[in-house]
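*Asks:* Here it is, the structure, as structure tokens.
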Amino acid sequence: MTKRSIPAIALALAWSIPQAHASTLVPPGNRHIAQPAVPGASTRRTKASNTTFDAKYRKVYALLKNDGKLRAKIRETAAAYRIDPMHMVGAIVGEHTYNVDAYDRLQTYYVKAASYLSSGLTFSYRGENVTDFVKRPEFASCAAKTDSYDLWACRETVWNRQFRGRAVGGTSFPDDRFSATFFQPLYAGQTFGIGQLNPLTALEVSDMVQRVSGLPKLDAADPNKVYETIMDPDLTLPYVAAILKTSIDAYRDIAGFDISRNPGITATLYNVGGPEARAYALKAENLRRQAEGREQKLPEENYYGWLVNEKLPELQALF
């Protein structure tokens with residue numbers, strides 16, 4: 001699961017717009033007739049593994065088909081977060097088709113999760129732990145945030161505005177995402193588990209998962225526990241559901257769109273990240289369109305979400 005930036009001007013305009021109250025239903029299915037282009041990095045990664053997107057899709061499909069317990073876990077978790085299980089299925093299928101191959105058996109994920117308990121991991125950059133980094137005065141405006149999503153989103157905003165690509169206090173910081181800089185202790189571009197989560201995203205929805213599922217809150221000071229959580233299917237599925245629920249709520253409350261019946265849209269947001277910022281940007285664009293007398297723009301699926309909607313009948317049949 002990755003995050004992509006939103007143009008700064010669009011964000012500045014969007015954040016000043018009041019939240020929407022009415023919701024327009026986004027109908028099922030794809031808005032694009034043909035699949036949008038797949039990023040070159042995904043294509044190269046797949047070719048390097050001597051496989052194809054279709055083969056990877058069939059592998060994750062087989063995992064879902066052959067494991068009734070996994071399907072039951074998905075149904076149970078989706079019900080707890082009041083979302084259609086196809087949203088979770090779409091995220092899992094998309095990640096394992098375009099990111100990494102699925103393991104043949106769910107048990108492999110449990111084994112991988114246990115291995116992280118004995119690893120000495122840190123969330124740091126050039127020796128500075130992220131828990132110390134966010135105590136810098138630049139982050140003072142985030143101190144009043146009590147929910148984990150608001151807190152880490154605020155910290156990521158401060159990173160982008162004041163540290164990313166800059167030299168601060170004698171330290172030069174890379175022009176890269178907050179998660180890539182501080183939350184990848186093993187190797188670049190890493191996401192893990194059946195939901196292919198990155199640690200920062202898991203930390204953001206930790207409070208929701210604690211409220212709904214009763215799991216212990218994650219702490220950036222305990223990276224090993226974070227990695228165990230995102231690798232263990234029993235622990236990570238609630239995080240997948242919470243991320244999807246966050247996207248659905250953001251598009252309803254901010255942009256005025258009900259995307260709860262379109263797993264391709266939620267899968268797209270799961271892939272690109274930043275649902276709130278994207279909802280504000282879409283709201284801003286539709287206000288401009290309204291002022292110009294043009295038809296409003298519906299949320300659209302990317303290549304990843306397009307596949308999910310295309311395969312939806314086959315996936316629904318499993319459930």
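Labels used: A, B, ... for chains in the order of the structure tokens, numbers from 1 for residues in each chain, and numbers from 1 for ligands as shown.
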I'd like the contact shell of Val158 of chain A - 10 Å cut-off, only C-alpha atoms, skipping same-chain residues fewer than 2 positions apart - returned as a list of chain:residue names.
*Replies:*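 In the requested format, the answer is A:Val134, A:Glu138, A:Phe139, A:Ala140, A:Ser141, A:Cys142, A:Trp152, A:Ala153, A:Cys154, A:Arg155, A:Glu156, A:Asn160, A:Arg161, A:Gln162, A:Phe163, A:Arg164, A:Phe178.
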*Asks:* Counting only C-alpha atoms, what is within 6 Å of Phe257 of chain A, bar same-chain residues fewer than 6 positions away, as number ranges by chain?
*Replies:* A: 23-25, 251
*Asks:* Give the helix (DSSP H, G or I) residues of segment 95-284 of chain A, as assigned by DSSP on the backbone, as a ChimeraX atom specification.
*Replies:* /A:95-98,107-118,130-133,137-142,148-163,178-182,199-204,206-213,223-231,233-255,263-272,275-284
*Asks:* May I have the residues within 9 Å of Asn286 of chain A as an NGL selection string, using only C-alpha atoms and disregarding those fewer than 5 positions away in the same chain?
*Replies:* :A and (255 or 281 or 291 or 294-298)
*Asks:* For Pro216 of chain A, which of A:Val308, A:Leu235, A:Val93, A:Ala277 is the closest residue, counting only C-alpha atoms?
*Replies:*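 Smallest distance to Pro216 of chain A is found for A:Leu235.
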*Asks:* Using only C-alpha atoms, determine which residues lie at most 7 Å from Pro223 of chain A, disregarding the query and same-chain residues fewer than 3 positions distant; provide the list as a PyMOL selection string.
*Replies:* chain A and resi 121-123+220+226-227
*Asks:* Looking at only C-alpha atoms, which of A:Ala143, A:Ala267, A:Val272, A:Val26 is the one that sits closest to Ala91 of chain A?
*Replies:* A:Ala267
*Asks:* Which is closer to Gly274 of chain A than all the others in A:Asp176, A:Glu204, A:Asp67, A:Asp54, using only C-alpha atoms?
*Replies:*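 Checking each candidate against Gly274 of chain A, we get A:Glu204 as the closest.
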*Asks:* Enumerate the residues of segment 28-215 of chain A with a DSSP assignment of strand (DSSP E or B), computed from the backbone, and present them as a VMD selection string.
*Replies:* chain A and resid 124 to 125 128 to 129 167 to 168 171 to 172 192 197
*Asks:* Could you write out the selected residues, including all heavy atoms, as a CSV table (one decimal), in the first residue's frame?
*Replies:*
```csv
chain,number,residue,atom,x,y,z
A,124,SER,N,13.6,5.0,12.7
A,124,SER,CA,14.5,6.1,12.9
A,124,SER,C,15.1,6.5,11.6
A,124,SER,O,15.0,5.8,10.6
A,124,SER,CB,15.6,5.7,13.9
A,124,SER,OG,16.4,4.6,13.3
A,125,TYR,N,15.7,7.7,11.6
A,125,TYR,CA,16.5,8.2,10.5
A,125,TYR,C,17.8,8.8,11.0
A,125,TYR,O,17.8,9.7,11.8
A,125,TYR,CB,15.7,9.3,9.7
A,125,TYR,CG,16.4,10.0,8.6
A,125,TYR,CD1,16.7,9.2,7.4
A,125,TYR,CD2,16.9,11.3,8.7
A,125,TYR,CE1,17.4,9.8,6.4
A,125,TYR,CE2,17.6,11.8,7.6
A,125,TYR,CZ,17.8,11.1,6.5
A,125,TYR,OH,18.6,11.7,5.4
A,128,GLU,N,18.2,9.0,14.7
A,128,GLU,CA,17.1,9.7,15.5
A,128,GLU,C,15.8,9.0,15.4
A,128,GLU,O,15.2,8.8,14.4
A,128,GLU,CB,16.9,11.2,15.0
A,128,GLU,CG,15.9,11.9,15.8
A,128,GLU,CD,15.8,13.4,15.4
A,128,GLU,OE1,16.3,13.7,14.3
A,128,GLU,OE2,15.3,14.2,16.1
A,129,ASN,N,15.4,8.5,16.6
A,129,ASN,CA,14.2,7.7,16.6
A,129,ASN,C,13.0,8.6,16.3
A,129,ASN,O,13.0,9.8,16.7
A,129,ASN,CB,14.0,7.0,18.0
A,129,ASN,CG,12.9,6.0,18.0
A,129,ASN,OD1,11.7,6.3,17.9
A,129,ASN,ND2,13.4,4.7,18.1
A,167,ALA,N,17.1,21.0,5.0
A,167,ALA,CA,18.0,20.9,6.0
A,167,ALA,C,17.5,21.6,7.3
A,167,ALA,O,17.2,22.8,7.2
A,167,ALA,CB,19.4,21.4,5.6
A,168,VAL,N,17.3,20.9,8.4
A,168,VAL,CA,16.8,21.5,9.6
A,168,VAL,C,17.7,21.1,10.8
A,168,VAL,O,18.0,19.9,11.0
A,168,VAL,CB,15.4,21.0,9.9
A,168,VAL,CG1,14.8,21.7,11.1
A,168,VAL,CG2,14.5,21.3,8.7
A,171,THR,N,20.6,18.8,10.0
A,171,THR,CA,20.4,17.5,9.4
A,171,THR,C,19.6,17.7,8.1
A,171,THR,O,18.6,18.5,8.0
A,171,THR,CB,19.5,16.6,10.3
A,171,THR,OG1,20.2,16.4,11.6
A,171,THR,CG2,19.3,15.3,9.7
A,172,SER,N,20.1,17.1,7.0
A,172,SER,CA,19.4,17.1,5.7
A,172,SER,C,18.5,16.0,5.7
A,172,SER,O,18.8,14.8,5.9
A,172,SER,CB,20.5,17.1,4.6
A,172,SER,OG,21.3,18.2,4.6
A,192,PHE,N,3.8,-5.1,4.3
A,192,PHE,CA,3.8,-6.5,4.8
A,192,PHE,C,2.4,-7.1,5.0
A,192,PHE,O,1.4,-6.3,5.2
A,192,PHE,CB,4.6,-6.6,6.1
A,192,PHE,CG,6.1,-6.4,5.8
A,192,PHE,CD1,6.7,-5.2,6.1
A,192,PHE,CD2,6.9,-7.4,5.4
A,192,PHE,CE1,8.0,-4.9,5.9
A,192,PHE,CE2,8.2,-7.2,5.2
A,192,PHE,CZ,8.8,-6.0,5.4
A,197,LEU,N,0.3,-3.7,4.5
A,197,LEU,CA,0.2,-2.4,5.2
A,197,LEU,C,1.6,-1.9,5.4
A,197,LEU,O,2.6,-2.7,5.5
A,197,LEU,CB,-0.4,-2.6,6.5
A,197,LEU,CG,-1.9,-3.0,6.5
A,197,LEU,CD1,-2.4,-3.2,8.0
A,197,LEU,CD2,-2.7,-2.0,5.8
```
